[in-house]
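See below for work_22.tsv, which holds TSV, C-alpha atoms and all ligand atoms.
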```
chain	number	residue	atom	x	y	z
A	540	MET	CA	-9.41	-21.30	-9.40
A	541	HIS	CA	-6.56	-23.08	-11.19
A	542	LEU	CA	-5.79	-21.89	-14.72
A	543	ASP	CA	-2.89	-24.24	-15.50
A	544	ILE	CA	-0.77	-21.49	-17.09
A	545	PRO	CA	2.36	-23.02	-18.65
A	546	ASP	CA	5.74	-21.68	-17.59
A	547	ILE	CA	6.36	-19.39	-20.56
A	548	LYS	CA	8.55	-16.32	-20.69
A	549	GLN	CA	6.49	-13.29	-19.80
A	550	GLU	CA	6.40	-10.29	-22.10
A	551	VAL	CA	5.66	-6.93	-20.51
A	552	SER	CA	2.86	-4.52	-21.28
A	553	THR	CA	4.13	-0.98	-20.73
A	554	GLY	CA	4.29	2.43	-22.38
A	555	SER	CA	6.10	5.63	-21.49
A	556	LEU	CA	5.39	8.85	-19.60
A	557	PRO	CA	5.24	12.30	-21.21
A	558	SER	CA	8.48	14.35	-21.17
A	559	ARG	CA	9.90	15.33	-17.77
A	560	GLY	CA	8.94	18.98	-18.22
A	561	ARG	CA	5.37	18.02	-19.11
A	562	VAL	CA	5.11	15.69	-16.07
A	563	ASP	CA	6.29	18.60	-13.87
A	564	GLU	CA	3.57	20.84	-15.31
A	565	LEU	CA	0.83	18.23	-14.86
A	566	VAL	CA	1.83	17.40	-11.27
A	567	THR	CA	1.82	21.11	-10.38
A	568	ALA	CA	-1.56	21.61	-12.09
A	569	ALA	CA	-3.11	18.67	-10.16
A	570	TYR	CA	-1.71	20.01	-6.86
A	571	THR	CA	-3.00	23.52	-7.57
A	572	ARG	CA	-6.43	22.25	-8.62
A	573	TYR	CA	-7.01	20.53	-5.24
A	574	ARG	CA	-4.96	22.72	-2.89
A	575	ASN	CA	-8.08	24.30	-1.40
A	576	HIS	CA	-10.25	21.18	-1.41
A	577	THR	CA	-11.43	20.54	2.14
A	578	ALA	CA	-13.68	17.41	2.12
A	579	GLY	CA	-13.09	14.56	4.57
A	580	ALA	CA	-12.10	14.09	8.20
A	581	VAL	CA	-8.78	13.23	9.83
A	582	ALA	CA	-8.72	9.71	11.41
A	583	ASP	CA	-9.06	9.86	15.18
A	584	TYR	CA	-9.54	6.23	16.27
A	585	ILE	CA	-5.78	6.18	16.87
A	586	PRO	CA	-5.46	9.18	19.25
A	587	ALA	CA	-2.02	10.25	17.97
A	588	LEU	CA	-3.39	10.62	14.42
A	589	ALA	CA	-6.17	13.01	15.50
A	590	ASP	CA	-3.65	15.87	15.78
A	591	ALA	CA	-2.64	15.71	12.11
A	592	ASP	CA	-2.80	19.05	10.28
A	593	PRO	CA	-5.63	18.71	7.68
A	594	ASN	CA	-3.96	21.35	5.51
A	595	LEU	CA	-0.84	19.30	4.80
A	596	PHE	CA	-0.80	18.32	1.14
A	597	GLY	CA	1.93	16.87	-1.03
A	598	VAL	CA	2.10	15.17	-4.43
A	599	CYS	CA	5.12	13.28	-5.73
A	600	VAL	CA	5.74	11.28	-8.89
A	601	VAL	CA	8.85	9.12	-9.18
A	602	GLU	CA	9.49	7.63	-12.60
A	603	SER	CA	10.86	4.08	-12.94
A	604	ALA	CA	13.73	5.76	-14.75
A	605	GLY	CA	14.42	7.74	-11.55
A	606	ALA	CA	13.21	11.30	-12.27
A	607	THR	CA	11.31	12.86	-9.33
A	608	HIS	CA	8.53	15.46	-9.50
A	609	ALA	CA	7.47	16.83	-6.11
A	610	VAL	CA	5.03	19.62	-5.17
A	611	GLY	CA	3.85	20.72	-1.70
A	612	ASP	CA	4.49	18.87	1.58
A	613	THR	CA	6.37	15.95	0.10
A	614	ASP	CA	9.04	15.87	2.84
A	615	THR	CA	6.65	15.88	5.81
A	616	LEU	CA	6.90	12.70	7.88
A	617	PHE	CA	3.78	10.68	8.74
A	618	SER	CA	3.18	7.07	9.81
A	619	ILE	CA	2.84	4.72	6.86
A	620	GLN	CA	-0.13	2.80	8.40
A	621	SER	CA	-1.85	0.37	6.02
A	622	ILE	CA	0.44	1.15	3.11
A	623	SER	CA	3.00	-1.03	4.92
A	624	LYS	CA	0.74	-4.02	4.16
A	625	ALA	CA	1.67	-3.93	0.47
A	626	PHE	CA	5.39	-4.08	1.14
A	627	VAL	CA	5.21	-6.69	3.90
A	628	TYR	CA	3.16	-8.84	1.51
A	629	ALA	CA	5.96	-8.43	-1.08
A	630	LEU	CA	8.54	-9.36	1.56
A	631	VAL	CA	6.72	-12.60	2.46
A	632	CYS	CA	6.21	-13.51	-1.22
A	633	GLU	CA	9.90	-12.88	-1.89
A	634	ALA	CA	10.89	-15.11	1.04
A	635	PHE	CA	8.44	-17.98	0.60
A	636	GLY	CA	6.69	-17.61	-2.77
A	637	HIS	CA	3.23	-16.25	-3.36
A	638	GLU	CA	1.58	-19.67	-3.00
A	639	ALA	CA	2.41	-19.70	0.73
A	640	VAL	CA	0.55	-16.42	1.29
A	641	HIS	CA	-2.20	-17.33	-1.13
A	642	LYS	CA	-2.99	-20.51	0.79
A	643	ARG	CA	-2.96	-18.88	4.22
A	644	VAL	CA	-4.45	-15.48	3.37
A	645	GLY	CA	-5.98	-15.28	-0.16
A	646	VAL	CA	-6.35	-12.37	-2.60
A	647	ASN	CA	-10.09	-11.70	-2.89
A	648	ASN	CA	-11.88	-8.54	-1.78
A	649	THR	CA	-14.00	-8.78	1.38
A	650	GLY	CA	-16.27	-5.87	0.38
A	651	LEU	CA	-16.21	-4.91	4.06
A	652	PRO	CA	-14.29	-2.32	6.12
A	653	PHE	CA	-10.56	-2.86	6.69
A	654	ASN	CA	-10.98	-3.83	10.36
A	655	SER	CA	-14.00	-6.10	9.90
A	656	VAL	CA	-14.48	-9.05	12.24
A	657	MET	CA	-17.56	-10.12	10.31
A	658	ALA	CA	-15.46	-10.67	7.16
A	659	ILE	CA	-13.56	-13.43	8.98
A	660	GLU	CA	-16.70	-15.06	10.31
A	661	LEU	CA	-18.54	-14.87	6.99
A	662	ASN	CA	-15.60	-16.58	5.30
A	663	HIS	CA	-15.19	-19.39	7.85
A	664	GLY	CA	-12.04	-17.96	9.38
A	665	HIS	CA	-10.40	-17.06	6.06
A	666	PRO	CA	-8.82	-13.57	6.22
A	667	MET	CA	-9.42	-13.19	2.42
A	668	ASN	CA	-6.66	-10.73	1.47
A	669	PRO	CA	-3.44	-9.23	2.84
A	670	MET	CA	-4.59	-5.58	2.52
A	671	VAL	CA	-7.22	-5.68	5.27
A	672	ASN	CA	-6.16	-5.86	8.90
A	673	ALA	CA	-6.96	-9.57	9.38
A	674	GLY	CA	-5.03	-10.66	6.28
A	675	ALA	CA	-2.20	-8.26	7.07
A	676	LEU	CA	-1.85	-9.73	10.57
A	677	ALA	CA	-1.72	-13.25	9.10
A	678	THR	CA	0.86	-12.03	6.55
A	679	THR	CA	3.03	-10.31	9.16
A	680	ALA	CA	2.96	-13.59	11.14
A	681	LEU	CA	4.50	-15.31	8.08
A	682	THR	CA	7.53	-12.97	7.81
A	683	PRO	CA	10.89	-14.77	8.02
A	684	GLY	CA	12.62	-14.96	11.42
A	685	CYS	CA	12.53	-17.24	14.46
A	686	THR	CA	11.85	-14.45	16.95
A	687	PHE	CA	9.68	-11.35	16.83
A	688	ASP	CA	12.86	-9.24	16.93
A	689	GLU	CA	14.18	-10.98	13.82
A	690	LYS	CA	10.85	-10.62	12.05
A	691	TRP	CA	10.66	-6.94	12.94
A	692	GLU	CA	14.20	-6.25	11.77
A	693	GLY	CA	13.41	-7.97	8.42
A	694	ILE	CA	10.29	-5.82	7.97
A	695	ARG	CA	12.05	-2.57	8.85
A	696	ALA	CA	15.04	-3.39	6.64
A	697	THR	CA	12.93	-4.38	3.62
A	698	LEU	CA	10.65	-1.35	3.80
A	699	SER	CA	13.80	0.78	4.11
A	700	ASP	CA	15.22	-0.85	0.97
A	701	PHE	CA	11.99	-0.04	-0.87
A	702	ALA	CA	12.30	3.60	0.27
A	703	GLY	CA	16.05	3.81	-0.33
A	704	ARG	CA	16.73	5.16	3.16
A	705	GLU	CA	16.57	3.90	6.77
A	706	LEU	CA	13.02	4.17	8.08
A	707	VAL	CA	12.32	4.58	11.81
A	708	VAL	CA	9.24	4.17	13.99
A	709	ASP	CA	7.21	7.11	15.32
A	710	ASP	CA	7.22	6.13	19.01
A	711	GLU	CA	4.23	8.27	19.85
A	712	VAL	CA	2.04	6.71	17.14
A	713	TYR	CA	3.27	3.22	18.08
A	714	ARG	CA	2.44	3.78	21.75
A	715	SER	CA	-0.89	5.40	21.01
A	716	GLU	CA	-2.02	2.59	18.69
A	717	SER	CA	-0.68	-0.09	21.08
A	718	GLU	CA	-2.87	1.30	23.85
A	719	THR	CA	-6.03	1.40	21.73
A	720	ASN	CA	-5.79	-1.54	19.29
A	721	MET	CA	-8.09	-3.97	21.10
A	722	ARG	CA	-9.82	-4.70	17.83
A	723	ASN	CA	-6.62	-5.82	16.08
A	724	LYS	CA	-5.81	-7.97	19.12
A	725	ALA	CA	-9.28	-9.52	18.84
A	726	LEU	CA	-8.79	-10.11	15.10
A	727	ALA	CA	-5.45	-11.84	15.76
A	728	ARG	CA	-6.97	-14.08	18.47
A	729	LEU	CA	-9.85	-14.95	16.15
A	730	LEU	CA	-7.41	-15.86	13.37
A	731	GLN	CA	-5.45	-17.98	15.85
A	732	SER	CA	-8.67	-19.84	16.70
A	733	TYR	CA	-9.05	-20.66	12.99
A	734	GLY	CA	-5.41	-21.74	12.63
A	735	ARG	CA	-4.53	-18.79	10.39
A	736	ILE	CA	-1.96	-17.49	12.90
A	737	ASP	CA	0.16	-20.16	14.55
A	738	ILE	CA	2.51	-18.02	16.67
A	739	ASP	CA	1.76	-15.71	19.62
A	740	PRO	CA	-1.05	-13.46	18.24
A	741	LEU	CA	-0.25	-10.53	20.52
A	742	GLY	CA	3.40	-10.61	19.40
A	743	VAL	CA	2.13	-10.46	15.81
A	744	VAL	CA	-0.08	-7.45	16.61
A	745	ASP	CA	2.93	-5.76	18.21
A	746	ILE	CA	5.16	-5.98	15.12
A	747	TYR	CA	2.19	-5.13	12.87
A	748	THR	CA	1.65	-1.98	14.96
A	749	ARG	CA	5.33	-1.11	14.62
A	750	GLN	CA	5.24	-1.61	10.85
A	751	CYS	CA	2.22	0.75	10.66
A	752	SER	CA	4.13	3.34	12.74
A	753	LEU	CA	7.14	3.59	10.40
A	754	LEU	CA	7.64	7.20	9.36
A	755	VAL	CA	7.62	8.03	5.65
A	756	THR	CA	7.11	11.04	3.39
A	757	ALA	CA	5.09	11.27	0.17
A	758	ARG	CA	8.45	11.22	-1.61
A	759	ASP	CA	9.38	7.94	0.15
A	760	LEU	CA	6.05	6.40	-0.85
A	761	ALA	CA	6.61	7.39	-4.46
A	762	VAL	CA	10.06	5.74	-4.42
A	763	MET	CA	8.59	2.61	-2.80
A	764	GLY	CA	5.87	2.48	-5.45
A	765	ALA	CA	8.34	3.18	-8.24
A	766	THR	CA	10.34	0.15	-7.06
A	767	LEU	CA	7.22	-1.99	-7.61
A	768	ALA	CA	6.82	-0.28	-11.00
A	769	ASP	CA	10.45	-1.02	-11.87
A	770	ALA	CA	10.29	-4.83	-11.57
A	771	GLY	CA	11.64	-4.70	-8.00
A	772	VAL	CA	14.71	-2.50	-8.52
A	773	ASN	CA	14.73	0.77	-6.55
A	774	PRO	CA	15.17	3.42	-9.29
A	775	LEU	CA	17.13	5.74	-6.99
A	776	THR	CA	19.55	3.29	-5.34
A	777	GLY	CA	19.70	0.71	-8.16
A	778	GLU	CA	19.26	-2.03	-5.55
A	779	ARG	CA	17.07	-5.05	-6.32
A	780	VAL	CA	14.61	-5.34	-3.44
A	781	VAL	CA	12.24	-8.07	-4.70
A	782	SER	CA	11.81	-10.05	-7.92
A	783	ALA	CA	9.76	-8.92	-10.93
A	784	ARG	CA	7.36	-11.78	-10.22
A	785	VAL	CA	6.75	-10.53	-6.68
A	786	CYS	CA	6.00	-7.03	-8.04
A	787	ARG	CA	3.47	-8.45	-10.45
A	788	ASP	CA	1.75	-10.43	-7.69
A	789	THR	CA	1.76	-7.49	-5.27
A	790	LEU	CA	0.28	-5.13	-7.85
A	791	ALA	CA	-2.44	-7.64	-8.72
A	792	VAL	CA	-3.44	-7.81	-5.05
A	793	LEU	CA	-3.40	-4.00	-4.78
A	794	ALA	CA	-5.60	-3.69	-7.87
A	795	SER	CA	-8.34	-5.80	-6.31
A	796	THR	CA	-8.04	-4.82	-2.64
A	797	GLY	CA	-5.71	-1.86	-2.03
A	798	MET	CA	-8.44	0.74	-1.52
A	799	TYR	CA	-10.61	-1.35	0.84
A	800	GLU	CA	-14.28	-1.49	-0.08
A	801	GLY	CA	-13.65	1.37	-2.55
A	802	SER	CA	-11.34	-0.87	-4.63
A	803	GLY	CA	-13.83	-1.63	-7.41
A	804	ASP	CA	-14.77	2.03	-7.93
A	805	TRP	CA	-11.10	2.97	-7.80
A	806	LEU	CA	-10.03	0.47	-10.45
A	807	PHE	CA	-12.97	1.51	-12.63
A	808	GLU	CA	-12.15	5.24	-12.44
A	809	ILE	CA	-8.38	5.29	-12.07
A	810	GLY	CA	-7.24	1.96	-13.48
A	811	LEU	CA	-4.16	1.56	-11.28
A	812	PRO	CA	-3.11	-0.68	-8.38
A	813	ALA	CA	-2.88	1.49	-5.26
A	814	LYS	CA	-2.71	1.39	-1.49
A	815	SER	CA	-3.94	3.89	1.04
A	816	GLY	CA	-3.47	4.37	4.78
A	817	VAL	CA	-5.45	6.12	7.52
A	818	SER	CA	-2.78	8.75	8.13
A	819	GLY	CA	-3.61	10.15	4.66
A	820	GLY	CA	-1.08	8.61	2.29
A	821	ILE	CA	-1.85	6.90	-1.02
A	822	VAL	CA	0.55	5.34	-3.49
A	823	ALA	CA	-0.58	4.31	-6.98
A	824	VAL	CA	1.68	2.30	-9.26
A	825	ALA	CA	1.91	2.37	-13.07
A	826	PRO	CA	3.97	-0.71	-14.02
A	827	GLY	CA	6.99	0.19	-16.12
A	828	LYS	CA	6.30	3.92	-15.75
A	829	GLY	CA	6.50	4.94	-12.09
A	830	ALA	CA	4.40	5.79	-9.06
A	831	VAL	CA	2.27	8.68	-7.83
A	832	ALA	CA	2.13	9.28	-4.08
A	833	THR	CA	0.02	11.79	-2.20
A	834	PHE	CA	-0.26	12.93	1.40
A	835	SER	CA	-3.37	14.70	2.71
A	836	PRO	CA	-4.85	13.56	6.05
A	837	PRO	CA	-8.64	14.13	5.61
A	838	LEU	CA	-10.31	10.80	4.68
A	839	ASP	CA	-13.57	9.54	3.22
A	840	SER	CA	-15.72	6.97	5.04
A	841	ALA	CA	-13.70	4.00	3.72
A	842	GLY	CA	-10.47	5.52	5.10
A	843	ASN	CA	-9.02	6.81	1.79
A	844	SER	CA	-7.60	10.34	1.49
A	845	GLU	CA	-10.14	12.65	-0.15
A	846	ARG	CA	-7.66	14.93	-1.88
A	847	GLY	CA	-5.26	12.10	-2.66
A	848	GLN	CA	-7.89	10.16	-4.60
A	849	ARG	CA	-8.81	13.20	-6.65
A	850	VAL	CA	-5.22	14.11	-7.49
A	851	ILE	CA	-4.37	10.57	-8.54
A	852	ALA	CA	-7.54	10.30	-10.64
A	853	ARG	CA	-6.52	13.45	-12.47
A	854	LEU	CA	-2.91	12.39	-12.93
A	855	SER	CA	-3.89	8.89	-14.08
A	856	ARG	CA	-5.73	10.51	-16.98
A	857	ALA	CA	-3.30	13.36	-17.64
A	858	LEU	CA	-0.20	11.16	-17.59
A	859	GLY	CA	-1.84	8.24	-19.44
A	860	LEU	CA	-1.50	5.73	-16.60
A	861	ASN	CA	-4.82	3.82	-16.66
A	862	LEU	CA	-3.91	0.18	-17.36
A	863	PHE	CA	-7.13	-0.40	-19.28
A	864	ALA	CA	-6.90	2.56	-21.66
A	865	SER	CA	-5.80	1.95	-25.25
A	866	SER	CA	-5.89	3.82	-28.54
A	867	VAL	CA	-6.55	2.46	-32.03
A	868	GLN	CA	-3.48	1.00	-33.72
A	869	VAL	CA	-3.02	1.14	-37.47
A	870	ALA	CA	-3.55	-2.37	-38.83
A	871	THR	CA	-0.48	-3.92	-40.48
A	872	ARG	CA	-2.43	-6.58	-42.42
B	1	LIG	N1	-2.65	0.69	11.94
B	1	LIG	C1	-3.97	0.87	11.40
B	1	LIG	C2	-4.92	-0.19	11.96
B	1	LIG	O1	-4.52	-1.29	12.16
B	1	LIG	C3	-3.90	0.81	9.90
B	1	LIG	C4	-5.25	0.97	9.26
B	1	LIG	C5	-5.23	1.69	7.94
B	1	LIG	O2	-4.32	2.42	7.59
B	1	LIG	N2	-6.32	1.56	7.24
B	1	LIG	O3	-6.06	0.08	12.20
```

Using structure tokens, write down the structure that the file contains.
Amino acid sequence: MHLDIPDIKQEVSTGSLPSRGRVDELVTAAYTRYRNHTAGAVADYIPALADADPNLFGVCVVESAGATHAVGDTDTLFSIQSISKAFVYALVCEAFGHEAVHKRVGVNNTGLPFNSVMAIELNHGHPMNPMVNAGALATTALTPGCTFDEKWEGIRATLSDFAGRELVVDDEVYRSESETNMRNKALARLLQSYGRIDIDPLGVVDIYTRQCSLLVTARDLAVMGATLADAGVNPLTGERVVSARVCRDTLAVLASTGMYEGSGDWLFEIGLPAKSGVSGGIVAVAPGKGAVATFSPPLDSAGNSERGQRVIARLSRALGLNLFASSVQVATR
């Protein structure tokens, strides 16, 4: 689809959050409401994730203006998993422009599970979007750098800039996933056969596995999301990480595909771009306002955190974050 949009200055569409004290109250109320909720199961297809404590639960809001609201286990480290896909996509767009990724990967939902082989075959080798494993592998292959070491260092450094601190890999998770990720290796080979990956596919899987193994906290995820909400400037460090345009593109992709095959329901109910990962993290972004991040390992069948989804649904309403919600304005005619 080509809409031929002229190059005009873009105005922004944003509002503001309730007062800091009120946000504190609402975050605490959402945490308390779901503290004893027990639905879902911890992911176990990566053996190192199976040991996660299902009781861990943290909720953190970081405002684009920098204020932080944290309740529960918001400083517990866990591997970022698929949430890395959002930020690696932003990195590649920043380096090469979104057209490069759009051409190679696309932005449409597959409607199929995140590790689907069938999605590639049904779409004639097209990985469809950067938030499922196939599209993420093709996106990681596009990261700048002549060697895998250079590519990896760029990924680690950029995700660290988003978080505002140096992120490191969980070696146990990296090793565990490396020993069991035959399916991702198969996806990468399949993409190579369709010309969607044109460097060593197993090298690509290796740095993708490392990016998924980076350790973060719910607080880190909220800062990373708040950077996307703040036109690419990290609200805590003041550093510009990516351009405002890249944030807009990344959030558009998250809105349509960030919650896997649950993305349509999510956008309908919550009205926010978001990304989840199988270790139990979710980050949802309210452009111009901030980000909500949650950590709770038990997942639903699509791989999205059960408690996390509920907390964010509640906070989206309570904090007035749904992008599609409006109220009547007094006419000035
Ligand atoms: N590293 C995981 C995988 O490739 C990430 C999946 C996820 O978080 N949904 O399977």

May I ask you to write as a PyMOL selection string all residues lying at most 8 Å from ligand LIG 1 (chain B), with only C-alpha atoms and all ligand atoms counted?
chain A and resi 585+619-622+653-654+671-672+716+720+723+747-748+751-752+815-818+842

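A straight line drawn from atom CA of A:Phe626 to atom CA of A:Thr789 is 8.1 Å long.
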
Report the distance between atom CA of A:Pro666 and atom CA of A:Lys724 in Å, rounded to one decimal place.
14.4 Å

Which centre and which edge lengths, in Å to one decimal, describe the axis-aligned box that holds all listed atoms of stretch 597-608 of chain A after 4 Å is added on each side, as JSON?
```
{"center_x": 8.2, "center_y": 10.5, "center_z": -7.9, "size_x": 20.5, "size_y": 20.8, "size_z": 21.7}
```

Excluding A:Ile738 and residues on its chain fewer than 2 positions from it, collect all residues at most 12 Å away from it, counting only C-alpha atoms, and give them as a PDB file with C-alpha atoms, keeping the file's coordinate frame.
```
ATOM      1  CA  LEU A 676      -1.850  -9.730  10.570  1.00  0.00           C
ATOM      2  CA  ALA A 677      -1.720 -13.250   9.100  1.00  0.00           C
ATOM      3  CA  THR A 678       0.860 -12.030   6.550  1.00  0.00           C
ATOM      4  CA  THR A 679       3.030 -10.310   9.160  1.00  0.00           C
ATOM      5  CA  ALA A 680       2.960 -13.590  11.140  1.00  0.00           C
ATOM      6  CA  LEU A 681       4.500 -15.310   8.080  1.00  0.00           C
ATOM      7  CA  THR A 682       7.530 -12.970   7.810  1.00  0.00           C
ATOM      8  CA  GLY A 684      12.620 -14.960  11.420  1.00  0.00           C
ATOM      9  CA  CYS A 685      12.530 -17.240  14.460  1.00  0.00           C
ATOM     10  CA  THR A 686      11.850 -14.450  16.950  1.00  0.00           C
ATOM     11  CA  PHE A 687       9.680 -11.350  16.830  1.00  0.00           C
ATOM     12  CA  ALA A 727      -5.450 -11.840  15.760  1.00  0.00           C
ATOM     13  CA  ARG A 728      -6.970 -14.080  18.470  1.00  0.00           C
ATOM     14  CA  LEU A 730      -7.410 -15.860  13.370  1.00  0.00           C
ATOM     15  CA  GLN A 731      -5.450 -17.980  15.850  1.00  0.00           C
ATOM     16  CA  SER A 732      -8.670 -19.840  16.700  1.00  0.00           C
ATOM     17  CA  GLY A 734      -5.410 -21.740  12.630  1.00  0.00           C
ATOM     18  CA  ARG A 735      -4.530 -18.790  10.390  1.00  0.00           C
ATOM     19  CA  ILE A 736      -1.960 -17.490  12.900  1.00  0.00           C
ATOM     20  CA  PRO A 740      -1.050 -13.460  18.240  1.00  0.00           C
ATOM     21  CA  LEU A 741      -0.250 -10.530  20.520  1.00  0.00           C
ATOM     22  CA  GLY A 742       3.400 -10.610  19.400  1.00  0.00           C
ATOM     23  CA  VAL A 743       2.130 -10.460  15.810  1.00  0.00           C
ATOM     24  CA  VAL A 744      -0.080  -7.450  16.610  1.00  0.00           C
TER      25      VAL A 744
END
```

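Nearest to A:Thr796 of all the residues A:Met667, A:Met721, A:Leu588, A:Val656 is A:Met667, counting all atoms listed in the file.
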
Spatial neighbours of A:Arg749, max dist 9 Å, only C-alpha atoms, sep filter under 2 positions, as a PyMOL selection string:
chain A and resi 691+695+708-710+712-713+717+744-747+751-753

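Between atom CA of A:Phe701 and atom CA of A:Thr756 lies a distance of 12.8 Å.
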
For A:Leu616, which residue among A:Thr697, A:Ser835, A:Asn575, A:Thr776 is the nearest when counting all atoms listed in the file?
A:Ser835

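Distance annotation: of A:Glu845, A:Leu838, A:Gly803, A:Ile809, the residue with the minimal separation from A:Phe863 is A:Ile809; atom set is only C-alpha atoms.
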
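With all atoms listed in the file as the basis for measurement, A:Gly554 is the residue among A:Val780, A:Gly554, A:Thr766, A:Ala832 that approaches A:Ala864 most closely.
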
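Of the residues listed (A:Asn594, A:Ile694, A:Gly797, A:His608), A:His608 shows the shortest atom-to-atom separation from A:Arg561; distances use all atoms listed in the file.
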
Show me as a PyMOL selection string the residues that reach within 10 Å of (6.0, -11.5, 1.9), counting all atoms listed in the file and using the file's own coordinates.
chain A and resi 624-637+639-640+669+678-683+694+781+785+789
